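Below: data_15.cif (mmCIF, C-alpha atoms)
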data_protein
loop_
_atom_site.label_atom_id
_atom_site.label_comp_id
_atom_site.auth_asym_id
_atom_site.auth_seq_id
_atom_site.Cartn_x
_atom_site.Cartn_y
_atom_site.Cartn_z
CA MET A 1 20.16 58.66 -69.72
CA ALA A 2 20.91 56.60 -66.59
CA ASP A 3 18.17 55.93 -64.05
CA ALA A 4 17.36 59.00 -61.99
CA TRP A 5 15.54 59.13 -58.69
CA LYS A 6 14.54 61.75 -56.19
CA ILE A 7 13.93 61.66 -52.47
CA VAL A 8 11.20 64.05 -51.32
CA ALA A 9 10.42 65.51 -47.90
CA GLU A 10 7.46 67.79 -47.15
CA VAL A 11 8.45 70.17 -44.37
CA SER A 12 8.04 73.69 -43.05
CA LYS A 13 10.01 76.63 -44.42
CA THR A 14 12.15 76.71 -41.26
CA GLU A 15 12.94 72.99 -41.53
CA ALA A 16 13.76 73.33 -45.24
CA ARG A 17 16.14 76.23 -44.71
CA ALA A 18 17.90 74.38 -41.90
CA ALA A 19 18.24 71.29 -44.11
CA LEU A 20 19.77 73.36 -46.94
CA VAL A 21 22.33 74.77 -44.52
CA ALA A 22 23.07 71.28 -43.15
CA HIS A 23 23.61 70.02 -46.69
CA GLU A 24 26.18 72.73 -47.39
CA GLU A 25 28.03 71.91 -44.18
CA ALA A 26 28.02 68.12 -44.76
CA LEU A 27 31.62 67.49 -45.84
CA ASP A 28 30.90 63.90 -46.94
CA TRP A 29 27.86 64.73 -49.06
CA PRO A 30 28.06 63.02 -52.49
CA ALA A 31 28.98 65.67 -55.05
CA GLU A 32 26.60 64.23 -57.66
CA TRP A 33 23.53 64.49 -55.41
CA VAL A 34 21.61 67.71 -56.07
CA VAL A 35 19.52 69.22 -53.25
CA THR A 36 16.73 71.74 -53.82
CA GLY A 37 14.17 73.41 -51.57
CA MET A 38 11.12 75.36 -52.65
CA GLU A 39 7.64 76.51 -51.66
CA VAL A 40 4.80 74.13 -52.48
CA ALA A 41 2.74 77.08 -53.77
CA ASP A 42 2.73 80.88 -53.62
CA HIS A 43 -0.31 80.90 -51.32
CA LEU A 44 1.36 78.43 -48.92
CA PRO A 45 4.61 80.24 -48.04
CA ASP A 46 5.37 78.03 -45.01
CA ASP A 47 4.88 74.70 -46.83
CA TRP A 48 8.06 73.56 -48.55
CA THR A 49 9.48 70.47 -50.21
CA VAL A 50 13.11 69.41 -50.02
CA GLU A 51 14.16 67.19 -52.92
CA VAL A 52 17.38 65.23 -53.38
CA TYR A 53 18.17 64.02 -56.90
CA LEU A 54 20.46 61.04 -57.44
CA ASP A 55 21.42 58.72 -60.28
CA ARG A 56 20.31 55.40 -58.78
CA GLU A 57 17.59 53.90 -56.63
CA PRO A 58 18.20 55.02 -53.05
CA GLY A 59 18.81 52.39 -50.41
CA PRO A 60 18.33 52.53 -46.64
CA ASP A 61 21.72 54.18 -46.12
CA ASP A 62 20.87 56.87 -48.67
CA LEU A 63 17.57 57.61 -46.97
CA GLN A 64 19.34 57.79 -43.63
CA ARG A 65 21.86 60.27 -45.06
CA VAL A 66 19.04 62.52 -46.26
CA ALA A 67 17.14 62.16 -42.97
CA ALA A 68 20.25 63.35 -41.13
CA LEU A 69 19.83 66.78 -42.77
CA PHE A 70 16.82 67.37 -40.53
CA ALA A 71 17.22 68.13 -36.83
CA GLY A 72 15.14 66.13 -34.36
CA THR A 73 12.61 63.66 -35.73
CA PRO A 74 13.13 63.51 -39.51
CA PRO A 75 10.14 63.97 -41.84
CA ARG A 76 8.63 61.18 -43.90
CA LEU A 77 10.78 60.56 -46.96
CA THR A 78 9.48 59.19 -50.24
CA ALA A 79 11.55 57.98 -53.18
CA GLU A 80 10.35 58.40 -56.77
CA LYS A 81 11.85 57.11 -60.00
CA LEU A 82 12.07 59.86 -62.62
CA PRO A 83 11.43 59.43 -66.34
CA ALA A 84 14.47 58.60 -68.47
CA THR A 85 15.20 62.20 -69.40
CA ASP A 86 17.49 65.06 -68.50
CA TRP A 87 15.59 66.35 -65.46
CA VAL A 88 17.59 69.59 -65.30
CA THR A 89 16.66 70.44 -68.87
CA GLU A 90 13.06 69.45 -68.34
CA SER A 91 12.81 71.55 -65.18
CA GLN A 92 13.89 74.62 -67.16
CA LYS A 93 11.57 74.18 -70.13
CA GLY A 94 8.71 76.61 -70.37
CA VAL A 95 9.90 78.88 -67.58
CA GLU A 96 8.69 82.44 -67.75
CA PRO A 97 11.19 85.21 -68.65
CA ILE A 98 12.57 87.34 -65.86
CA ARG A 99 13.28 91.05 -65.73
CA ALA A 100 16.07 92.25 -63.43
CA GLY A 101 17.47 95.75 -63.72
CA ARG A 102 17.92 96.46 -67.41
CA PHE A 103 18.05 92.75 -68.28
CA HIS A 104 15.51 90.36 -69.78
CA VAL A 105 16.38 86.64 -69.70
CA ARG A 106 14.31 84.12 -71.63
CA THR A 107 14.34 80.72 -73.26
CA PRO A 108 14.04 80.64 -77.08
CA GLU A 109 10.31 79.92 -76.84
CA HIS A 110 9.59 83.44 -75.55
CA PRO A 111 9.79 86.74 -77.47
CA ALA A 112 12.34 89.44 -76.75
CA ASP A 113 11.47 92.58 -74.81
CA PRO A 114 12.66 95.44 -77.05
CA GLY A 115 12.98 97.82 -74.11
CA LEU A 116 15.51 95.69 -72.22
CA VAL A 117 18.86 93.99 -72.77
CA ASP A 118 17.84 90.55 -74.00
CA PHE A 119 19.66 87.28 -73.28
CA VAL A 120 18.55 83.90 -74.62
CA ILE A 121 19.49 80.94 -72.43
CA PRO A 122 18.08 77.61 -73.67
CA ALA A 123 17.16 74.87 -71.26
CA SER A 124 20.46 73.07 -70.77
CA GLN A 125 22.50 70.84 -68.52
CA ALA A 126 23.68 73.73 -66.35
CA PHE A 127 21.79 75.87 -63.86
CA GLY A 128 21.52 79.63 -64.04
CA THR A 129 18.86 80.68 -66.54
CA GLY A 130 18.00 83.63 -64.32
CA GLN A 131 14.91 81.98 -62.88
CA HIS A 132 16.73 81.38 -59.62
CA GLN A 133 16.32 84.28 -57.22
CA THR A 134 20.06 84.51 -56.67
CA THR A 135 20.79 84.89 -60.39
CA ALA A 136 18.07 87.50 -60.81
CA GLY A 137 19.43 89.33 -57.75
CA CYS A 138 22.93 89.32 -59.23
CA LEU A 139 21.64 90.82 -62.47
CA ALA A 140 19.91 93.57 -60.51
CA MET A 141 23.04 94.21 -58.44
CA LEU A 142 25.28 94.40 -61.51
CA ASP A 143 22.89 96.98 -62.96
CA LEU A 144 23.05 98.91 -59.68
CA MET A 145 26.88 98.80 -59.71
CA LYS A 146 26.97 100.26 -63.20
CA ARG A 147 24.55 103.06 -62.29
CA ALA A 148 26.63 103.77 -59.16
CA GLY A 149 29.71 104.41 -61.30
CA VAL A 150 31.65 101.15 -60.93
CA THR A 151 34.28 100.67 -63.63
CA ALA A 152 35.34 97.13 -64.55
CA ARG A 153 38.25 96.61 -66.93
CA ASN A 154 38.95 93.00 -65.92
CA HIS A 155 36.25 90.81 -64.42
CA ALA A 156 35.70 87.15 -63.59
CA ASP A 157 32.59 85.05 -63.00
CA ILE A 158 33.37 82.04 -60.79
CA GLY A 159 30.84 79.20 -60.91
CA THR A 160 29.40 80.63 -64.12
CA GLY A 161 26.94 77.81 -64.99
CA THR A 162 25.41 79.03 -68.25
CA GLY A 163 27.65 82.11 -68.52
CA LEU A 164 24.73 84.50 -68.01
CA LEU A 165 26.31 86.75 -65.37
CA ALA A 166 29.54 87.00 -67.35
CA PHE A 167 27.48 88.03 -70.39
CA ALA A 168 25.68 90.69 -68.37
CA ALA A 169 28.96 92.10 -67.05
CA LEU A 170 30.35 92.25 -70.58
CA HIS A 171 27.29 94.20 -71.70
CA LEU A 172 27.72 96.70 -68.86
CA TRP A 173 31.49 97.04 -69.37
CA PRO A 174 31.95 96.17 -73.06
CA GLY A 175 35.65 97.00 -73.20
CA ALA A 176 36.58 94.72 -70.30
CA ARG A 177 38.57 91.53 -70.41
CA ALA A 178 36.26 88.79 -69.12
CA THR A 179 36.89 85.34 -67.66
CA ALA A 180 34.30 82.72 -66.69
CA SER A 181 34.96 79.47 -64.87
CA ASP A 182 33.09 76.51 -63.45
CA ILE A 183 34.05 73.30 -61.70
CA ASP A 184 31.71 71.24 -63.92
CA PRO A 185 33.29 70.30 -67.28
CA VAL A 186 29.88 70.21 -69.00
CA CYS A 187 29.64 73.97 -68.51
CA ALA A 188 32.39 74.65 -71.07
CA GLY A 189 30.21 73.48 -73.94
CA VAL A 190 27.07 75.04 -72.45
CA VAL A 191 28.73 78.44 -72.10
CA ARG A 192 30.17 78.36 -75.62
CA ASP A 193 26.76 77.44 -77.07
CA ASN A 194 25.19 80.30 -75.15
CA MET A 195 27.93 82.67 -76.30
CA ALA A 196 26.99 81.84 -79.88
CA CYS A 197 23.27 82.44 -79.13
CA ASN A 198 24.01 85.84 -77.60
CA ALA A 199 26.80 87.10 -79.90
CA ILE A 200 29.48 87.00 -77.19
CA ALA A 201 32.99 86.91 -78.63
CA GLU A 202 35.39 84.28 -77.30
CA GLY A 203 39.00 85.27 -76.72
CA GLY A 204 41.43 86.94 -74.38
CA GLY A 205 41.20 90.54 -75.53
CA PRO A 206 38.99 93.52 -74.57
CA GLY A 207 35.31 92.74 -75.00
CA GLN A 208 35.96 89.01 -75.22
CA LEU A 209 35.25 86.12 -72.84
CA THR A 210 37.58 83.26 -71.89
CA MET A 211 36.03 80.10 -70.42
CA VAL A 212 38.01 77.76 -68.15
CA ILE A 213 37.18 74.72 -66.01
CA ALA A 214 38.54 75.13 -62.49
CA ASP A 215 37.86 74.36 -58.86
CA GLY A 216 37.64 77.83 -57.35
CA MET A 217 40.81 79.71 -58.27
CA ALA A 218 42.84 76.55 -58.92
CA ASP A 219 43.74 77.37 -62.50
CA PRO A 220 46.95 79.06 -63.72
CA LEU A 221 45.08 81.17 -66.29
CA LEU A 222 42.64 82.49 -63.69
CA ARG A 223 45.52 83.58 -61.48
CA LEU A 224 47.56 84.95 -64.38
CA ARG A 225 44.73 87.17 -65.62
CA GLY A 226 44.35 88.91 -62.25
CA PRO A 227 44.18 91.13 -60.41
CA TYR A 228 40.48 91.66 -61.11
CA ASP A 229 38.49 94.77 -60.37
CA LEU A 230 35.20 92.82 -60.39
CA PHE A 231 34.59 89.30 -59.12
CA ILE A 232 31.20 87.57 -59.44
CA ALA A 233 30.57 84.37 -57.49
CA ASN A 234 27.05 82.95 -57.33
CA ILE A 235 27.85 79.63 -55.68
CA LEU A 236 27.20 78.46 -52.08
CA ALA A 237 27.99 79.87 -48.67
CA GLY A 238 30.52 77.19 -47.72
CA PRO A 239 32.69 77.60 -50.83
CA LEU A 240 32.39 81.39 -50.58
CA VAL A 241 33.88 81.29 -47.09
CA GLU A 242 36.64 78.89 -48.15
CA LEU A 243 37.53 81.00 -51.18
CA ALA A 244 37.70 84.33 -49.33
CA PRO A 245 41.54 84.38 -49.11
CA ALA A 246 41.94 83.36 -52.77
CA PHE A 247 39.40 85.93 -53.97
CA ALA A 248 41.06 88.63 -51.87
CA ALA A 249 44.48 87.82 -53.29
CA ALA A 250 43.14 88.12 -56.84
CA THR A 251 41.08 91.31 -56.33
CA ALA A 252 42.70 94.66 -57.04
CA PRO A 253 42.73 97.29 -54.26
CA GLY A 254 39.42 99.12 -54.43
CA GLY A 255 37.95 96.25 -56.44
CA ASN A 256 34.38 94.98 -56.22
CA LEU A 257 33.03 91.58 -55.27
CA LEU A 258 29.51 90.33 -55.98
CA LEU A 259 28.60 87.29 -53.85
CA ALA A 260 25.42 85.22 -54.01
CA GLY A 261 24.11 81.71 -53.45
CA LEU A 262 23.87 82.21 -49.69
CA LEU A 263 20.77 82.16 -47.55
CA GLU A 264 20.06 85.27 -45.51
CA THR A 265 20.75 83.16 -42.41
CA GLN A 266 24.28 82.49 -43.72
CA GLU A 267 25.09 86.11 -44.55
CA ALA A 268 26.82 86.99 -41.27
CA ARG A 269 29.29 84.10 -41.61
CA VAL A 270 30.16 85.04 -45.19
CA ARG A 271 30.55 88.73 -44.36
CA ARG A 272 32.87 87.92 -41.45
CA ALA A 273 35.11 85.87 -43.73
CA TYR A 274 35.46 88.72 -46.21
CA ARG A 275 35.77 91.45 -43.59
CA ALA A 276 38.86 89.59 -42.34
CA GLN A 277 40.27 89.90 -45.88
CA GLY A 278 39.77 93.67 -46.09
CA PHE A 279 36.33 93.85 -47.75
CA ARG A 280 33.51 96.12 -46.62
CA LEU A 281 29.83 95.99 -47.51
CA ALA A 282 28.74 98.47 -50.20
CA ARG A 283 25.15 97.27 -50.77
CA ARG A 284 23.00 94.22 -50.17
CA LEU A 285 19.80 92.89 -51.71
CA VAL A 286 17.52 90.20 -50.33
CA CYS A 287 15.57 88.15 -52.87
CA GLY A 288 13.24 85.80 -51.08
CA ASP A 289 15.43 83.87 -48.64
CA TRP A 290 18.67 84.73 -50.44
CA SER A 291 21.20 87.51 -49.87
CA ILE A 292 23.15 89.21 -52.66
CA LEU A 293 26.19 91.13 -51.42
CA TRP A 294 28.26 93.86 -53.07
CA LEU A 295 31.58 94.16 -51.23
CA ARG A 296 34.50 96.52 -51.86
CA LYS A 297 38.13 95.76 -51.11
CA SER A 298 39.99 98.37 -49.10
CA ARG A 299 42.71 100.23 -50.99
CA VAL A 300 45.03 100.09 -47.98
CA ARG A 301 45.18 97.39 -45.31
#
In structure tokens, how does this file's structure come out?
Amino acid sequence: MADAWKIVAEVSKTEARAALVAHEEALDWPAEWVVTGMEVADHLPDDWTVEVYLDREPGPDDLQRVAALFAGTPPRLTAEKLPATDWVTESQKGVEPIRAGRFHVRTPEHPADPGLVDFVIPASQAFGTGQHQTTAGCLAMLDLMKRAGVTARNHADIGTGTGLLAFAALHLWPGARATASDIDPVCAGVVRDNMACNAIAEGGGPGQLTMVIADGMADPLLRLRGPYDLFIANILAGPLVELAPAFAAATAPGGNLLLAGLLETQEARVRRAYRAQGFRLARRLVCGDWSILWLRKSRVR
């Protein structure tokens, strides 16, 4: 593994949320720098850390770039060298299983829950084990969609990560044709490994999943397989807004859209973008600071 470092800021919840929004809106932000924000502890809900992970020792310009995420006087920043290991994998080891709707998501170290639909997602190079509030919220919303009578014959999961949400949709609608995509090439191998762990069939027919690497909808196969009656996109608010026209063009009239990865403070902007494309809100969930939106496309515009 190459050297890995992180830059850490200890801030309030309000400052952390504003910094996460500023990061999404920073057009020149290095794509390989990962930004996270989280509570210091459950009993200290207003004390947060913002961490920026990068693959080299940060210099003065790097620290200045991170400081610019914070309005006013920036917080004290510290830089730490990380052990020579895959920090994403390490961060996911030992995490507790989650339960969302009818689903139970766990790493191989934990036992199955016989009363729930069980998915095994090993610690890997891709995010999305279900521990993130947005992923858990999406699982709960998919379960709600099914109980509300949604029918999905052709669905797509954009920004799939580990493939978990695509797997869940295939369980709920087992006869559907499923497509999963991600911009990160490493996800292709991760998803296929997880398909093998969870007995998900690969292919282009009913009940099978096709995995592609694509930036948004910029893939001929993704466009060819539409229109979709269910889109899942657990990404970020900025890309969700940018992709609204492309998602609308590929969604069948009356189709459903599940959006996540946006802070509650970003919800209005995302909803405006999709309202302009003929979508209306069906349901919303709030998990912590994150909004999960179920939108329906009008049958007639």
Mind telling me what the PyMOL selection byres ((chain A and resi 77) around 10) catches here, as a tab-separated table (two decimals) with C-alpha atoms, in the frame of the given file?
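So the final result, stored in expr_20.tsv, reads:
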chain	number	residue	atom	x	y	z
A	7	ILE	CA	13.93	61.66	-52.47
A	8	VAL	CA	11.20	64.05	-51.32
A	9	ALA	CA	10.42	65.51	-47.90
A	10	GLU	CA	7.46	67.79	-47.15
A	50	VAL	CA	13.11	69.41	-50.02
A	51	GLU	CA	14.16	67.19	-52.92
A	63	LEU	CA	17.57	57.61	-46.97
A	64	GLN	CA	19.34	57.79	-43.63
A	66	VAL	CA	19.04	62.52	-46.26
A	67	ALA	CA	17.14	62.16	-42.97
A	74	PRO	CA	13.13	63.51	-39.51
A	75	PRO	CA	10.14	63.97	-41.84
A	76	ARG	CA	8.63	61.18	-43.90
A	78	THR	CA	9.48	59.19	-50.24
A	79	ALA	CA	11.55	57.98	-53.18
- Hits from the PyMOL selection byres ((chain A and resi 150) around 12), listed as number ranges by chain: A: 141-149, 151-153, 155, 169, 172-173, 229-230, 254-257, 282, 294-296
Just write the chosen residues, C-alpha atoms, as a PDB file, in the frame of the given file.
ATOM      1  CA  MET A 141      23.040  94.210 -58.440  1.00  0.00           C
ATOM      2  CA  LEU A 142      25.280  94.400 -61.510  1.00  0.00           C
ATOM      3  CA  ASP A 143      22.890  96.980 -62.960  1.00  0.00           C
ATOM      4  CA  LEU A 144      23.050  98.910 -59.680  1.00  0.00           C
ATOM      5  CA  MET A 145      26.880  98.800 -59.710  1.00  0.00           C
ATOM      6  CA  LYS A 146      26.970 100.260 -63.200  1.00  0.00           C
ATOM      7  CA  ARG A 147      24.550 103.060 -62.290  1.00  0.00           C
ATOM      8  CA  ALA A 148      26.630 103.770 -59.160  1.00  0.00           C
ATOM      9  CA  GLY A 149      29.710 104.410 -61.300  1.00  0.00           C
ATOM     10  CA  THR A 151      34.280 100.670 -63.630  1.00  0.00           C
ATOM     11  CA  ALA A 152      35.340  97.130 -64.550  1.00  0.00           C
ATOM     12  CA  ARG A 153      38.250  96.610 -66.930  1.00  0.00           C
ATOM     13  CA  HIS A 155      36.250  90.810 -64.420  1.00  0.00           C
ATOM     14  CA  ALA A 169      28.960  92.100 -67.050  1.00  0.00           C
ATOM     15  CA  LEU A 172      27.720  96.700 -68.860  1.00  0.00           C
ATOM     16  CA  TRP A 173      31.490  97.040 -69.370  1.00  0.00           C
ATOM     17  CA  ASP A 229      38.490  94.770 -60.370  1.00  0.00           C
ATOM     18  CA  LEU A 230      35.200  92.820 -60.390  1.00  0.00           C
ATOM     19  CA  GLY A 254      39.420  99.120 -54.430  1.00  0.00           C
ATOM     20  CA  GLY A 255      37.950  96.250 -56.440  1.00  0.00           C
ATOM     21  CA  ASN A 256      34.380  94.980 -56.220  1.00  0.00           C
ATOM     22  CA  LEU A 257      33.030  91.580 -55.270  1.00  0.00           C
ATOM     23  CA  ALA A 282      28.740  98.470 -50.200  1.00  0.00           C
ATOM     24  CA  TRP A 294      28.260  93.860 -53.070  1.00  0.00           C
ATOM     25  CA  LEU A 295      31.580  94.160 -51.230  1.00  0.00           C
ATOM     26  CA  ARG A 296      34.500  96.520 -51.860  1.00  0.00           C
TER      27      ARG A 296
END
- Note on the structure: Students should find that atom CA of A:Ala273 and atom CA of A:Asn234 are spaced 16.1 Å
- Query: With only C-alpha atoms as the basis for distance, which of A:Met211, A:Cys197, A:Ile183, A:Arg299 is at the shortest distance from A:Arg106?
  - Reply: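 Checking each candidate against A:Arg106, we get A:Cys197 as the closest.
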- Message: Evaluate the PyMOL selection byres ((chain A and resi 204) around 12) against this structure - the residues, as an MDAnalysis selection string, please.
- Response: chainID A and resid 154:155 175:180 201:203 205:212 221:222 224:225
- Item | Selection: 12 Å around A:Ala140, all atoms listed in the file, excl. self and same-chain fewer than 3 positions, as JSON, numbers by chain | {"A": [98, 99, 100, 101, 102, 103, 104, 130, 133, 134, 135, 136, 137, 143, 144, 145, 146, 147, 165, 168, 169, 172, 258, 260, 283, 284, 285, 286, 287, 292, 293, 294]}
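In this structure, atom CA of A:Glu32 sits 21.4 Å away from atom CA of A:Leu263.
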- Looking at all atoms listed in the file, which of A:Ile232, A:Gly261, A:Leu243, A:Ala268 is the one that sits closest to A:Asp289?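 Of A:Ile232, A:Gly261, A:Leu243, A:Ala268, the one nearest A:Asp289, counting all atoms listed in the file, is A:Gly261.
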- Task: In Å, rounded to a single decimal, give me how far atom CA of A:Leu281 is from atom CA of A:Ala218.
- Result: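 Result for atom CA of A:Ala218 versus atom CA of A:Leu281: 26.0 Å, one decimal.
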